[in-house]
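Printed here is query02.pdb (PDB, C-alpha atoms, pLDDT in the B column):
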```pdb
ATOM      1  CA  MET A 489      11.037  38.651  20.112  1.00 82.00           C
ATOM      2  CA  ALA A 490      11.689  36.754  23.336  1.00 89.00           C
ATOM      3  CA  MET A 491      12.635  33.322  24.585  1.00 94.00           C
ATOM      4  CA  VAL A 492       9.687  30.926  24.754  1.00 96.00           C
ATOM      5  CA  GLU A 493       9.694  27.745  26.808  1.00 97.00           C
ATOM      6  CA  GLY A 494       8.343  24.770  24.909  1.00 98.00           C
ATOM      7  CA  PHE A 495       8.939  22.263  22.134  1.00 98.00           C
ATOM      8  CA  VAL A 496       8.559  22.399  18.363  1.00 98.00           C
ATOM      9  CA  GLY A 497       5.712  20.183  17.162  1.00 98.00           C
ATOM     10  CA  HIS A 498       7.624  18.281  14.473  1.00 97.00           C
ATOM     11  CA  PRO A 499       9.292  15.821  13.937  1.00 97.00           C
ATOM     12  CA  PHE A 500       7.085  13.599  16.060  1.00 96.00           C
ATOM     13  CA  SER A 501      10.018  11.309  16.871  1.00 96.00           C
ATOM     14  CA  GLU A 502      11.510  14.113  18.987  1.00 97.00           C
ATOM     15  CA  LEU A 503       8.428  15.146  20.968  1.00 98.00           C
ATOM     16  CA  PRO A 504       8.479  15.004  24.788  1.00 98.00           C
ATOM     17  CA  ALA A 505       6.025  12.963  26.851  1.00 97.00           C
ATOM     18  CA  PRO A 506       3.088  12.617  26.674  1.00 97.00           C
ATOM     19  CA  TYR A 507       3.308  13.422  22.955  1.00 98.00           C
ATOM     20  CA  ASP A 508       6.081  10.956  22.162  1.00 96.00           C
ATOM     21  CA  ALA A 509       3.653   8.202  21.154  1.00 95.00           C
ATOM     22  CA  PRO A 510       0.331   8.036  19.317  1.00 95.00           C
ATOM     23  CA  GLY A 511      -2.694   8.530  21.534  1.00 96.00           C
ATOM     24  CA  ALA A 512      -5.112  11.112  22.862  1.00 97.00           C
ATOM     25  CA  ALA A 513      -2.430  13.602  23.909  1.00 97.00           C
ATOM     26  CA  ARG A 514      -0.763  13.680  20.493  1.00 97.00           C
ATOM     27  CA  ARG A 515      -4.182  13.779  18.810  1.00 97.00           C
ATOM     28  CA  ASN A 516      -5.034  16.909  20.761  1.00 98.00           C
ATOM     29  CA  LEU A 517      -1.920  18.654  19.439  1.00 98.00           C
ATOM     30  CA  ALA A 518      -3.871  19.125  16.214  1.00 98.00           C
ATOM     31  CA  PHE A 519      -6.539  21.159  17.992  1.00 98.00           C
ATOM     32  CA  ALA A 520      -3.860  23.240  19.727  1.00 98.00           C
ATOM     33  CA  LEU A 521      -2.278  23.834  16.309  1.00 98.00           C
ATOM     34  CA  VAL A 522      -5.573  25.064  14.865  1.00 98.00           C
ATOM     35  CA  ASP A 523      -6.052  27.287  17.914  1.00 98.00           C
ATOM     36  CA  GLY A 524      -3.121  29.364  16.678  1.00 98.00           C
ATOM     37  CA  ILE A 525      -4.598  30.322  13.318  1.00 98.00           C
ATOM     38  CA  ALA A 526      -8.072  30.726  14.834  1.00 98.00           C
ATOM     39  CA  ARG A 527      -6.790  33.207  17.408  1.00 98.00           C
ATOM     40  CA  LEU A 528      -4.762  34.961  14.725  1.00 98.00           C
ATOM     41  CA  ALA A 529      -7.802  35.240  12.453  1.00 98.00           C
ATOM     42  CA  ASN A 530      -9.722  36.919  15.276  1.00 98.00           C
ATOM     43  CA  VAL A 531      -7.139  39.706  15.736  1.00 98.00           C
ATOM     44  CA  ASP A 532      -8.206  43.123  14.468  1.00 98.00           C
ATOM     45  CA  TYR A 533      -5.091  43.902  12.445  1.00 98.00           C
ATOM     46  CA  ARG A 534      -5.858  47.609  12.314  1.00 97.00           C
ATOM     47  CA  ALA A 535      -6.236  47.818  16.090  1.00 97.00           C
ATOM     48  CA  VAL A 536      -2.753  46.333  16.578  1.00 97.00           C
ATOM     49  CA  GLY A 537      -1.099  48.738  14.146  1.00 97.00           C
ATOM     50  CA  LEU A 538      -0.812  46.513  11.076  1.00 97.00           C
ATOM     51  CA  ASP A 539      -2.925  48.524   8.664  1.00 94.00           C
ATOM     52  CA  GLY A 540      -0.712  48.712   5.567  1.00 92.00           C
ATOM     53  CA  PHE A 541       1.253  45.553   6.385  1.00 94.00           C
ATOM     54  CA  GLY A 542      -0.350  43.877   3.384  1.00 94.00           C
ATOM     55  CA  LYS A 543      -2.794  44.527   0.538  1.00 95.00           C
ATOM     56  CA  PRO A 544      -5.956  42.559   1.306  1.00 97.00           C
ATOM     57  CA  GLU A 545      -7.940  43.959  -1.619  1.00 97.00           C
ATOM     58  CA  GLY A 546      -7.803  41.419  -4.436  1.00 97.00           C
ATOM     59  CA  PHE A 547      -5.620  39.085  -2.357  1.00 98.00           C
ATOM     60  CA  LEU A 548      -7.095  35.831  -3.664  1.00 98.00           C
ATOM     61  CA  GLU A 549      -7.322  37.056  -7.260  1.00 98.00           C
ATOM     62  CA  ARG A 550      -3.573  37.802  -7.246  1.00 98.00           C
ATOM     63  CA  GLN A 551      -2.398  34.452  -5.937  1.00 98.00           C
ATOM     64  CA  VAL A 552      -2.100  32.359  -9.101  1.00 98.00           C
ATOM     65  CA  GLU A 553      -0.129  34.960 -11.054  1.00 98.00           C
ATOM     66  CA  ARG A 554       1.938  35.844  -7.989  1.00 97.00           C
ATOM     67  CA  TRP A 555       3.176  32.285  -7.566  1.00 98.00           C
ATOM     68  CA  LEU A 556       3.519  31.475 -11.259  1.00 98.00           C
ATOM     69  CA  SER A 557       5.732  34.553 -11.455  1.00 98.00           C
ATOM     70  CA  GLN A 558       7.749  33.209  -8.539  1.00 97.00           C
ATOM     71  CA  LEU A 559       8.193  29.901 -10.358  1.00 97.00           C
ATOM     72  CA  ALA A 560       9.284  31.685 -13.535  1.00 96.00           C
ATOM     73  CA  SER A 561      11.825  33.737 -11.566  1.00 97.00           C
ATOM     74  CA  TYR A 562      13.883  30.607 -10.857  1.00 97.00           C
ATOM     75  CA  THR A 563      15.084  30.692 -14.472  1.00 95.00           C
ATOM     76  CA  ASP A 564      17.104  33.811 -13.672  1.00 95.00           C
ATOM     77  CA  SER A 565      17.860  33.308  -9.980  1.00 94.00           C
ATOM     78  CA  GLU A 566      18.799  29.617 -10.209  1.00 94.00           C
ATOM     79  CA  GLY A 567      19.545  29.039 -13.898  1.00 93.00           C
ATOM     80  CA  TYR A 568      16.589  26.643 -13.853  1.00 92.00           C
ATOM     81  CA  ALA A 569      15.204  25.105 -17.025  1.00 91.00           C
ATOM     82  CA  PRO A 570      11.556  24.552 -16.000  1.00 91.00           C
ATOM     83  CA  ARG A 571      10.543  20.898 -15.835  1.00 95.00           C
ATOM     84  CA  ASP A 572       7.098  19.489 -16.539  1.00 96.00           C
ATOM     85  CA  ILE A 573       5.033  19.499 -13.341  1.00 98.00           C
ATOM     86  CA  PRO A 574       1.912  17.409 -14.016  1.00 98.00           C
ATOM     87  CA  GLY A 575      -1.239  19.133 -12.825  1.00 98.00           C
ATOM     88  CA  LEU A 576       0.220  22.643 -12.716  1.00 98.00           C
ATOM     89  CA  ALA A 577      -1.783  23.977 -15.661  1.00 98.00           C
ATOM     90  CA  HIS A 578      -5.043  22.383 -14.532  1.00 98.00           C
ATOM     91  CA  VAL A 579      -4.659  23.622 -10.966  1.00 98.00           C
ATOM     92  CA  SER A 580      -3.789  27.148 -12.128  1.00 98.00           C
ATOM     93  CA  ASP A 581      -6.863  27.302 -14.371  1.00 98.00           C
ATOM     94  CA  TRP A 582      -9.114  25.805 -11.678  1.00 98.00           C
ATOM     95  CA  LEU A 583      -7.986  28.293  -9.065  1.00 98.00           C
ATOM     96  CA  ARG A 584      -8.632  31.208 -11.421  1.00 98.00           C
ATOM     97  CA  ALA A 585     -12.107  29.882 -12.255  1.00 98.00           C
ATOM     98  CA  ASN A 586     -13.118  29.032  -8.687  1.00 98.00           C
ATOM     99  CA  THR A 587     -11.873  31.990  -6.651  1.00 98.00           C
ATOM    100  CA  PRO A 588     -14.456  32.570  -3.897  1.00 98.00           C
ATOM    101  CA  ASP A 589     -15.373  35.855  -2.298  1.00 97.00           C
ATOM    102  CA  MET A 590     -12.665  36.596   0.225  1.00 97.00           C
ATOM    103  CA  SER A 591     -13.488  36.198   3.896  1.00 97.00           C
ATOM    104  CA  PRO A 592     -12.911  39.234   6.156  1.00 97.00           C
ATOM    105  CA  PRO A 593      -9.209  40.144   5.893  1.00 98.00           C
ATOM    106  CA  GLY A 594      -6.852  39.436   8.737  1.00 98.00           C
ATOM    107  CA  ILE A 595      -3.302  38.530   9.663  1.00 98.00           C
ATOM    108  CA  ILE A 596      -2.064  35.342   8.016  1.00 98.00           C
ATOM    109  CA  HIS A 597       1.097  33.478   8.922  1.00 98.00           C
ATOM    110  CA  GLY A 598       1.585  32.002   5.460  1.00 97.00           C
ATOM    111  CA  ASP A 599       3.637  28.938   6.440  1.00 97.00           C
ATOM    112  CA  TYR A 600       1.962  27.567   9.549  1.00 98.00           C
ATOM    113  CA  SER A 601       2.455  23.927  10.513  1.00 98.00           C
ATOM    114  CA  PHE A 602       3.534  21.650  13.355  1.00 98.00           C
ATOM    115  CA  ALA A 603       7.114  22.499  12.376  1.00 97.00           C
ATOM    116  CA  ASN A 604       6.479  26.228  12.871  1.00 98.00           C
ATOM    117  CA  ALA A 605       4.618  25.934  16.171  1.00 98.00           C
ATOM    118  CA  ILE A 606       6.038  25.799  19.695  1.00 98.00           C
ATOM    119  CA  PHE A 607       3.886  24.106  22.335  1.00 98.00           C
ATOM    120  CA  GLU A 608       4.037  24.393  26.103  1.00 98.00           C
ATOM    121  CA  PHE A 609       5.414  21.434  28.035  1.00 98.00           C
ATOM    122  CA  GLY A 610       2.838  19.290  29.796  1.00 96.00           C
ATOM    123  CA  ALA A 611      -0.763  18.455  29.077  1.00 96.00           C
ATOM    124  CA  PRO A 612      -3.248  19.412  27.807  1.00 96.00           C
ATOM    125  CA  PRO A 613      -1.392  20.862  24.807  1.00 97.00           C
ATOM    126  CA  ARG A 614      -1.292  24.631  24.506  1.00 98.00           C
ATOM    127  CA  LEU A 615       0.304  26.691  21.789  1.00 98.00           C
ATOM    128  CA  ALA A 616       3.182  28.800  23.120  1.00 98.00           C
ATOM    129  CA  ALA A 617       4.355  30.555  19.936  1.00 98.00           C
ATOM    130  CA  MET A 618       4.088  30.667  16.155  1.00 98.00           C
ATOM    131  CA  ILE A 619       7.493  30.975  14.483  1.00 97.00           C
ATOM    132  CA  ASP A 620       8.978  31.690  11.016  1.00 97.00           C
ATOM    133  CA  TRP A 621       6.865  34.632   9.908  1.00 97.00           C
ATOM    134  CA  GLU A 622       8.632  35.525   6.661  1.00 96.00           C
ATOM    135  CA  LEU A 623       5.461  34.846   4.596  1.00 96.00           C
ATOM    136  CA  GLY A 624       3.187  36.755   6.968  1.00 98.00           C
ATOM    137  CA  THR A 625       0.863  39.407   5.516  1.00 98.00           C
ATOM    138  CA  ILE A 626      -2.676  40.742   5.622  1.00 98.00           C
ATOM    139  CA  GLY A 627      -4.900  38.583   3.473  1.00 98.00           C
ATOM    140  CA  ASP A 628      -7.512  35.866   3.729  1.00 98.00           C
ATOM    141  CA  PRO A 629      -7.009  33.896   6.979  1.00 98.00           C
ATOM    142  CA  LEU A 630      -8.700  30.874   5.433  1.00 98.00           C
ATOM    143  CA  LEU A 631      -5.538  30.301   3.423  1.00 98.00           C
ATOM    144  CA  ASP A 632      -3.791  29.481   6.729  1.00 98.00           C
ATOM    145  CA  LEU A 633      -6.544  26.948   7.399  1.00 98.00           C
ATOM    146  CA  GLY A 634      -6.062  25.364   3.981  1.00 98.00           C
ATOM    147  CA  TRP A 635      -2.295  25.301   4.602  1.00 98.00           C
ATOM    148  CA  VAL A 636      -2.788  23.356   7.824  1.00 98.00           C
ATOM    149  CA  LEU A 637      -5.589  21.016   6.784  1.00 98.00           C
ATOM    150  CA  TYR A 638      -4.335  19.789   3.409  1.00 98.00           C
ATOM    151  CA  ALA A 639      -1.961  17.497   5.340  1.00 97.00           C
ATOM    152  CA  PHE A 640      -4.713  15.778   7.337  1.00 98.00           C
ATOM    153  CA  ARG A 641      -7.015  13.016   6.128  1.00 97.00           C
ATOM    154  CA  SER A 642     -10.578  13.578   5.025  1.00 97.00           C
ATOM    155  CA  ARG A 643     -13.344  11.259   6.221  1.00 95.00           C
ATOM    156  CA  ASP A 644     -13.731   9.991   2.645  1.00 91.00           C
ATOM    157  CA  GLU A 645     -10.107  10.238   1.481  1.00 90.00           C
ATOM    158  CA  LYS A 646      -9.557   8.478  -1.839  1.00 90.00           C
ATOM    159  CA  MET A 647      -5.804   9.006  -2.083  1.00 92.00           C
ATOM    160  CA  PRO A 648      -3.176   9.653   0.610  1.00 92.00           C
ATOM    161  CA  PRO A 649      -2.642  13.240   1.822  1.00 95.00           C
ATOM    162  CA  SER A 650       0.322  15.042   0.292  1.00 96.00           C
ATOM    163  CA  GLY A 651       1.707  16.442   3.522  1.00 95.00           C
ATOM    164  CA  TYR A 652       4.941  16.210   5.452  1.00 94.00           C
ATOM    165  CA  PHE A 653       3.708  13.812   8.164  1.00 95.00           C
ATOM    166  CA  ASP A 654       1.608  10.684   8.651  1.00 95.00           C
ATOM    167  CA  PRO A 655      -1.822  11.919   9.831  1.00 96.00           C
ATOM    168  CA  SER A 656      -2.817   8.543  11.283  1.00 94.00           C
ATOM    169  CA  GLY A 657      -4.207   8.958  14.771  1.00 95.00           C
ATOM    170  CA  PHE A 658      -5.046  12.621  14.312  1.00 97.00           C
ATOM    171  CA  PRO A 659      -8.530  14.124  13.941  1.00 98.00           C
ATOM    172  CA  ASP A 660      -9.910  14.123  10.430  1.00 97.00           C
ATOM    173  CA  ARG A 661      -9.896  17.273   8.361  1.00 97.00           C
ATOM    174  CA  GLU A 662     -13.620  17.907   8.759  1.00 98.00           C
ATOM    175  CA  GLU A 663     -13.443  17.813  12.550  1.00 98.00           C
ATOM    176  CA  LEU A 664     -10.608  20.326  12.594  1.00 98.00           C
ATOM    177  CA  ALA A 665     -12.403  22.575  10.103  1.00 98.00           C
ATOM    178  CA  GLU A 666     -15.543  22.541  12.253  1.00 98.00           C
ATOM    179  CA  TYR A 667     -13.435  23.389  15.291  1.00 98.00           C
ATOM    180  CA  TYR A 668     -11.891  26.373  13.477  1.00 98.00           C
ATOM    181  CA  ALA A 669     -15.296  27.565  12.262  1.00 98.00           C
ATOM    182  CA  GLY A 670     -16.633  27.429  15.806  1.00 98.00           C
ATOM    183  CA  LEU A 671     -13.754  29.550  17.107  1.00 98.00           C
ATOM    184  CA  THR A 672     -13.795  32.150  14.326  1.00 98.00           C
ATOM    185  CA  GLY A 673     -17.318  32.237  12.936  1.00 98.00           C
ATOM    186  CA  ARG A 674     -15.842  31.950   9.442  1.00 98.00           C
ATOM    187  CA  SER A 675     -17.455  29.725   6.835  1.00 98.00           C
ATOM    188  CA  VAL A 676     -15.371  26.749   5.717  1.00 98.00           C
ATOM    189  CA  GLU A 677     -17.584  25.828   2.780  1.00 98.00           C
ATOM    190  CA  ASN A 678     -14.822  26.674   0.290  1.00 98.00           C
ATOM    191  CA  LEU A 679     -12.117  24.731   2.140  1.00 98.00           C
ATOM    192  CA  THR A 680     -11.195  22.741  -0.982  1.00 98.00           C
ATOM    193  CA  TYR A 681     -10.219  25.949  -2.781  1.00 98.00           C
ATOM    194  CA  TYR A 682      -7.948  27.021   0.068  1.00 98.00           C
ATOM    195  CA  MET A 683      -6.287  23.597   0.302  1.00 98.00           C
ATOM    196  CA  VAL A 684      -5.686  23.520  -3.453  1.00 98.00           C
ATOM    197  CA  LEU A 685      -4.228  27.033  -3.303  1.00 98.00           C
ATOM    198  CA  ALA A 686      -2.034  26.115  -0.324  1.00 98.00           C
ATOM    199  CA  GLN A 687      -0.576  23.061  -2.083  1.00 98.00           C
ATOM    200  CA  PHE A 688      -0.054  25.024  -5.301  1.00 98.00           C
ATOM    201  CA  LYS A 689       1.776  27.793  -3.415  1.00 98.00           C
ATOM    202  CA  LEU A 690       3.890  25.355  -1.384  1.00 98.00           C
ATOM    203  CA  ALA A 691       4.806  23.390  -4.506  1.00 98.00           C
ATOM    204  CA  VAL A 692       6.143  26.562  -6.134  1.00 98.00           C
ATOM    205  CA  ILE A 693       8.160  27.440  -3.032  1.00 97.00           C
ATOM    206  CA  MET A 694       9.612  23.932  -2.760  1.00 96.00           C
ATOM    207  CA  GLU A 695      10.508  23.798  -6.453  1.00 97.00           C
ATOM    208  CA  ARG A 696      13.222  26.333  -5.706  1.00 96.00           C
ATOM    209  CA  HIS A 697      14.992  23.745  -3.525  1.00 94.00           C
ATOM    210  CA  TYR A 698      14.861  21.314  -6.448  1.00 95.00           C
ATOM    211  CA  ALA A 699      16.208  24.013  -8.799  1.00 95.00           C
ATOM    212  CA  ARG A 700      19.030  24.786  -6.373  1.00 93.00           C
ATOM    213  CA  MET A 701      19.987  21.115  -6.274  1.00 91.00           C
ATOM    214  CA  LEU A 702      20.289  21.112 -10.063  1.00 91.00           C
ATOM    215  CA  ASN A 703      22.701  24.050  -9.988  1.00 90.00           C
ATOM    216  CA  GLY A 704      24.729  22.654  -7.095  1.00 91.00           C
ATOM    217  CA  ARG A 705      23.536  25.118  -4.455  1.00 90.00           C
ATOM    218  CA  GLN A 706      21.502  22.506  -2.572  1.00 90.00           C
ATOM    219  CA  THR A 707      22.328  18.952  -1.522  1.00 93.00           C
ATOM    220  CA  GLN A 708      21.213  16.060  -3.687  1.00 93.00           C
ATOM    221  CA  GLU A 709      19.270  14.587  -0.784  1.00 93.00           C
ATOM    222  CA  LEU A 710      17.238  17.708  -0.017  1.00 91.00           C
ATOM    223  CA  GLY A 711      16.765  18.428  -3.710  1.00 92.00           C
ATOM    224  CA  ASP A 712      15.398  14.950  -4.372  1.00 93.00           C
ATOM    225  CA  ILE A 713      13.066  15.158  -1.358  1.00 95.00           C
ATOM    226  CA  SER A 714      11.833  18.586  -2.397  1.00 95.00           C
ATOM    227  CA  GLY A 715      11.378  17.591  -6.028  1.00 96.00           C
ATOM    228  CA  ALA A 716       9.274  14.573  -5.074  1.00 96.00           C
ATOM    229  CA  PHE A 717       7.270  16.657  -2.596  1.00 97.00           C
ATOM    230  CA  VAL A 718       6.407  19.159  -5.340  1.00 98.00           C
ATOM    231  CA  LEU A 719       5.017  16.414  -7.572  1.00 98.00           C
ATOM    232  CA  ARG A 720       3.031  14.936  -4.685  1.00 97.00           C
ATOM    233  CA  LEU A 721       1.564  18.311  -3.743  1.00 98.00           C
ATOM    234  CA  MET A 722       0.507  19.119  -7.286  1.00 98.00           C
ATOM    235  CA  ALA A 723      -0.979  15.673  -7.880  1.00 98.00           C
ATOM    236  CA  LYS A 724      -3.115  15.982  -4.751  1.00 98.00           C
ATOM    237  CA  ALA A 725      -4.112  19.564  -5.603  1.00 98.00           C
ATOM    238  CA  GLU A 726      -5.216  18.432  -9.060  1.00 98.00           C
ATOM    239  CA  ALA A 727      -7.185  15.510  -7.595  1.00 97.00           C
ATOM    240  CA  MET A 728      -8.908  17.855  -5.130  1.00 97.00           C
ATOM    241  CA  ALA A 729      -9.735  20.277  -7.919  1.00 98.00           C
ATOM    242  CA  LYS A 730     -11.250  17.437  -9.965  1.00 97.00           C
ATOM    243  CA  GLY A 731     -13.135  16.103  -6.945  1.00 95.00           C
ATOM    244  CA  VAL A 732     -11.378  12.728  -7.032  1.00 95.00           C
ATOM    245  CA  ALA A 733      -9.066  13.167  -4.029  1.00 90.00           C
TER     246      ALA A 733
END
```
Write out the structure in this file as structure tokens.
Amino acid sequence: MAMVEGFVGHPFSELPAPYDAPGAARRNLAFALVDGIARLANVDYRAVGLDGFGKPEGFLERQVERWLSQLASYTDSEGYAPRDIPGLAHVSDWLRANTPDMSPPGIIHGDYSFANAIFEFGAPPRLAAMIDWELGTIGDPLLDLGWVLYAFRSRDEKMPPSGYFDPSGFPDREELAEYYAGLTGRSVENLTYYMVLAQFKLAVIMERHYARMLNGRQTQELGDISGAFVLRLMAKAEAMAKGVA
């Protein structure tokens, strides 16, 4: 690790010029963000000594049970009485039934977003560092793409995105997906699956914050925000799975 000069890409209200207002410069931050996961996907993980860092075989097939198990673990770790999360059962079944063939394995960040990206000062925007690697592994890099793109708008969006920021003024999801495909050579035809999986996984992770609020280990404010975010993520994931998003 080393010091990196730059600024974190979120919240937008704290960005330096020329990214402190909507416009072309801020719009281009989205392409710089996608550059990070594209470059990461192109790394030969074996050549850089990461063979054995993860278990890519069966990575996608393990995801639903892996994260449902995580959700169930909150009963013991947080004394959490599971609440009804509308859409959870449908999304779980849909993911199991629609698991695509995995793309060539590579390094994945696992929690990549504007908030976990540092950009260089000045324009045009350039990624300086990717931070917060605790969910990093070897798996399907397209999950990182789904994690990034679920928060942007589609060209034919029927309901608002479920993400953590307002995507107005940014490129649409399809444009960013095409950009990624051009940089990596990976097919993005199953992008819906990866976005549904990303929202499902994030909802499970965020439900722990809600559980911790219930047992007094998290503030009411953060717990309420997290709890509402979980419901929003799962509702959007279900709509995507049903093709009505």
- Item | Nearby residues (only C-alpha atoms) at most 7 Å from segment 628-644 of chain A, same-chain spacing under 3 positions excluded, as a list in words |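 So, after excluding close chain neighbours, the residues are Ile525, Ala529, Met590, Ser591, Pro592, Pro593, Gly594, Ile595, Ile596, His597, Gly598, Tyr600, Ser601, Pro649, Ser650, Gly651, Pro655, Asp660, Arg661, Glu662, Leu679, Tyr682, Met683 and Ala686 of chain A.
The residue that comes closest to Asn678 of chain A, out of A:Glu709, A:Asp589, A:Glu726, A:Glu549 and on the basis of all atoms listed in the file, is A:Asp589.
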- Task: One decimal, Å: what's the distance from atom CA of Ala691 of chain A over to atom CA of Val718 of chain A, could you say?
- Result: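 Distance between the two atoms: 4.6 Å.
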- Task: Step by step, work through what the PyMOL selection byres ((chain A and resi 561-566) around 10) selects in the shown file, and finish by giving those residues as a count of residues only.
- Result: 22
- Using the chain letters and numbers from the file, which residues does the PyMOL selection byres ((chain A and resi 504) around 12) grab, as a VMD selection string? chain A and resid 494 to 503 505 to 509 513 to 514 607 to 611 613
Just C-alpha atoms for this one: save the residues we selected as an mmCIF file, in the coordinates of the input.
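Output below, filename out-v7.cif:
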```cif
data_model
loop_
_atom_site.group_PDB
_atom_site.id
_atom_site.type_symbol
_atom_site.label_atom_id
_atom_site.label_comp_id
_atom_site.auth_asym_id
_atom_site.auth_seq_id
_atom_site.Cartn_x
_atom_site.Cartn_y
_atom_site.Cartn_z
ATOM 1 C CA GLY A 494 8.343 24.770 24.909
ATOM 2 C CA PHE A 495 8.939 22.263 22.134
ATOM 3 C CA VAL A 496 8.559 22.399 18.363
ATOM 4 C CA GLY A 497 5.712 20.183 17.162
ATOM 5 C CA HIS A 498 7.624 18.281 14.473
ATOM 6 C CA PRO A 499 9.292 15.821 13.937
ATOM 7 C CA PHE A 500 7.085 13.599 16.060
ATOM 8 C CA SER A 501 10.018 11.309 16.871
ATOM 9 C CA GLU A 502 11.510 14.113 18.987
ATOM 10 C CA LEU A 503 8.428 15.146 20.968
ATOM 11 C CA ALA A 505 6.025 12.963 26.851
ATOM 12 C CA PRO A 506 3.088 12.617 26.674
ATOM 13 C CA TYR A 507 3.308 13.422 22.955
ATOM 14 C CA ASP A 508 6.081 10.956 22.162
ATOM 15 C CA ALA A 509 3.653 8.202 21.154
ATOM 16 C CA ALA A 513 -2.430 13.602 23.909
ATOM 17 C CA ARG A 514 -0.763 13.680 20.493
ATOM 18 C CA PHE A 607 3.886 24.106 22.335
ATOM 19 C CA GLU A 608 4.037 24.393 26.103
ATOM 20 C CA PHE A 609 5.414 21.434 28.035
ATOM 21 C CA GLY A 610 2.838 19.290 29.796
ATOM 22 C CA ALA A 611 -0.763 18.455 29.077
ATOM 23 C CA PRO A 613 -1.392 20.862 24.807
#
```
- Note on the structure: Among A:Pro612, A:Gly670, A:Pro510, A:Gly627, Gly657 of chain A is approached most closely, using all atoms listed in the file, by A:Pro510
- Message: Quick check, in Å to one decimal: how far apart do atom CA of Met728 of chain A and atom CA of Phe658 of chain A lie?
- Response: 20.5 Å
- Enter the distance from atom CA of Ala535 of chain A to atom CA of Ile626 of chain A, in Å, rounded to one decimal.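 That distance, rounded to one decimal, is 13.1 Å.
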- Skip Arg584 of chain A itself and residues of its chain fewer than 5 positions away, then list as a VMD selection string all residues within 9 Å of it, counting all atoms listed in the file. chain A and resid 549 551 to 552 579
Set up a box along x, y and z of the file covering all listed atoms of segment 695-707 of chain A, add 3 Å on every one of the six sides, and write the centre and edge lengths in Å to one decimal, as JSON.
```
{"center_x": 17.6, "center_y": 22.6, "center_z": -5.8, "size_x": 20.2, "size_y": 13.4, "size_z": 14.5}
```
- Ground truth for the PyMOL selection byres ((chain A and resi 541) around 7), written as a PyMOL selection string: chain A and resi 538-540+542+625-626
